[in-house]
Number of protein chains: 2
Amino acid sequence: MRPNRPKISDVARVAGVSTATVSRVLSNPDLVSSDTREAVQEAIRTTGYRLNLAARNLRHQRTGSIVALVPNLANPFFSEILSGIAAVLGEAGYNLLVADTCRTSAQALIDYAEPGRADGLIALDGRLPAEELKGKVPVVVACEWIPGLAAPRVKIDNRAAAGLAIDHLVALGHRRIGHVSGPRGNVLTEARIAGTQDALAAQGLLLAPADLHIGDFSLGSGREAAVTWLAQPAATRPTAMFFASDPMACGFIGEVQRHGLKVPEDVSVVGFDDIELVAHMSPPLTTIRQPRHDIGRLAAERLLARLKGETAMDDTVLPVDLVVRGSTAAPRQPA
Amino acid sequence: MRPNRPKISDVARVAGVSTATVSRVLSNPDLVSSDTREAVQEAIRTTGYRLNLAARNLRHQRTGSIVALVPNLANPFFSEILSGIAAVLGEAGYNLLVADTCRTSAQALIDYAEPGRADGLIALDGRLPAEELKGKVPVVVACEWIPGLAAPRVKIDNRAAAGLAIDHLVALGHRRIGHVSGPRGNVLTEARIAGTQDALAAQGLLLAPADLHIGDFSLGSGREAAVTWLAQPAATRPTAMFFASDPMACGFIGEVQRHGLKVPEDVSVVGFDDIELVAHMSPPLTTIRQPRHDIGRLAAERLLARLKGETAMDDTVLPVDLVVRGSTAAPRQPA
DNA sequence: CTGAAAGCGCTTACAG
DNA sequence: CTGAAAGCGCTTACAG
């Protein structure tokens with residue numbers, strides 16, 4: 001079946017017209033008289049012709065594809081953003097190309113930004129090299145951002161989000177609050193640490209260096225934070241912990257419970273992201289909800305707008321919510 | 001920068017050679033004398049030339065892309081399979097195109113199987129129409145399978161997996177065991193129900209119609225199953241439940257705990273998939289581990305082999321493990 | 001309204 | 001070892 005796949009010239013021959021006319025029927029039927037049009041459509045049917053998109057795209061100097069660069073495809077946080085991106089691109093007739101930045105060489109990632117490869121790029125990873133991305137395909141950055149790269153960003157207000165978490169804990173009566181962050185250097189990490197410090201300072205409190213644990217967003221690093229926390233004397237360790245991701249909060253809770261302590265009685269826990277499962281744990285997790293699907297949708301829409309000529313480079317900042325569930329309560333002994 | 005992007009003819013002019021020679025330096029450098037080769041490479045450098053993949057692909061009658069059709073991109077179960085696929089395709093120099101079958105029209109999905117759109121297709125969704133996929137691009141099916149479509153399948157032994165779960169519960173002393181399945185008609189659903197029934201029958205037990213709850217793999221349907229279960233008299237309801245997905249098991253446990261009952265003391269629970277979080281819940285979930293990343297890898301490898309001419313259509317069946325954790329124990333009152 | 005022809009940016013037999 | 005030329009399957013000014 002592969003060799004004798006009909007092409008536009010086969011249709012033209014069968015219909016007794018030129019290839020130009022067939023092409024017009026395909027992309028601009030109004031330009032063709034109805035008699036001719038019907039003859040061509042009949043020929044399309046009898047030959048079983050299907051348009052070769054690659055050829056059309058080459059002619060149009062576009063690829064019809066948008067590439068999304070994702071730090072870790074296996075991470076549900078990113079996959080839901082991807083789902084929002086896919087929804088918008090699919091409707092607009094674009095292909096969605098996906099690459100996993102943690103499993104792809106730096107050069108291969110940059111090659112995705114070549115025209116001829118994709119028409120535009122959505123970066124969910126802030127560690128991409130800004131310089132190498134210049135002069136290539138239009139870029140929109142989502143969630144994270146790339147310092148030094150002029151590109152629209154779709155994100156949440158991470159400092160404000162951290163503030164929501166801290167204010168909630170302080171309102172419950174907590175005075176000694178710890179923070180488990182993402183990896184150092186990540187833009188989200190820094191924004192959430194800064195937000196935590198600011199919110200504490202606004203309440204006259206301090207993030208003690210010992211109470212800042214550098215994690216990596218993973219379950220395992222949450223468990224490690226629990227080990228450190230458990231090793232401290234019960235009287236002087238933080239009564240509440242704010243995590244820069246839900247999986248870290250889950251890892252922490254699991255380890256603390258395994259040691260016979262209770263959440264929120266012995267320690268209050270706030271996560272970040274509101275991934276689906278955390279509402280169903282025991283206790284259900286208090287967390288910051290990010291509109292992941294919308295982040296993806298908006299990033300895709302901004303990119304499509306750029307491809308249509310929009311030049312605005314302003315950021316889109318989406319609101320976050322604090323979702324209060326069972327993992328937070330007043331501390332046992334208020335300071 | 002877009003308009004004056006150098007093409008192969010610009011390089012040729014600068015180097016003082018023909019476009020054919022530049023092309024050879026690019027794809028088959030050994031055919032060119034070292035003097036000429038160096039001159040061309042120098043010209044490539046000075047012009048900043050980058051190959052246009054779309055043009056090369058059109059010439060080669062291939063697209064360089066493989067499309068993965070995923071039932072729900074936001075579902076972490078599928079995203080990890082995708083990650084395995086991406087790893088293999090990236091290494092092989094293929095693009096990974098992704099489409100969400102639940103958000104894409106049937107026609108649009110079939111169009112992905114057109115040559116000119118992609119070189120091959122990996123289906124993670126068993127509901128695609130077999131007839132429409134014939135005579136198009138080579139297909140490999142992973143996880144689920146498409147009845148009536150001759151395509152290699154990469155999957156696990158779902159009946160055996162259900163047997164592992166049931167045997168474990170029976171060994172613990174359970175006699176009345178319920179099953180919460182996926183949606184009716186799904187090939188996985190039917191295989192897991194059949195496996196459950198077989199394993200029970202082998203032990204002289206029966207899956208009572210009232211103990212089979214039809215779910216849809218989601219958290220919410222697990223919660224609904226809990227409502228039904230809770231409504232039954234404690235003395236006569238199942239002492240153990242086997243779920244066709246981890247999220248359903250989580251939804252069930254959350255609802256049961258909310259009603260003051262305990263897992264595994266009041267009911268043992270076995271999930272399916274071993275998604276990352278369930279090891280960290282309380283209790284940690286006993287479940288069937290699927291090698292998701294490997295399923296993705298192997299599916300991609302089978303497809304690449306087909307593109308290279310392999311014609312074998314046999315299935316690849318991957319082993320599963322029962323992971324015993326805290327959500328299962330002996331029943332309170334053995335029957 | 002329709003066709004002949006050029007061209008998108010490459011690659012590759014075919015000569016030499 | 002290298003070049004002239006044809007062609008991958010489309011589209012689109014330009015004529016008529």
# chains A, B, ... in the order shown; residues from 1 in each chain; ligands from 1
call {"tool": "interface_residues", "arguments": {"of": "chain C", "to": "chain B", "cutoff": "10 Å", "atoms": "only C-alpha atoms (C1' of nucleotides)", "output": "VMD selection string"}}
result
chain C and resid 8 to 12
call {"tool": "select_by_dssp", "arguments": {"residues": "region 29-145 of chain A", "states": "helix (DSSP H, G or I)", "output": "ChimeraX atom specification"}}
result
/A:29-31,34-47,53-60,76-92,101-103,106-111,130-133
call {"tool": "closest_residue", "arguments": {"among": "A:Gly48, A:Gly271, A:Pro264, A:Gly251", "to": "chain B", "atoms": "only C-alpha atoms"}}
result
A:Gly251
call {"tool": "atom_distance", "arguments": {"atom1": "CA of Ala108 (chain B)", "atom2": "CA of Arg50 (chain A)"}}
result
12.9 Å
call {"tool": "atom_distance", "arguments": {"atom1": "CA of Arg153 (chain A)", "atom2": "CA of Ala244 (chain A)"}}
result
20.1 Å
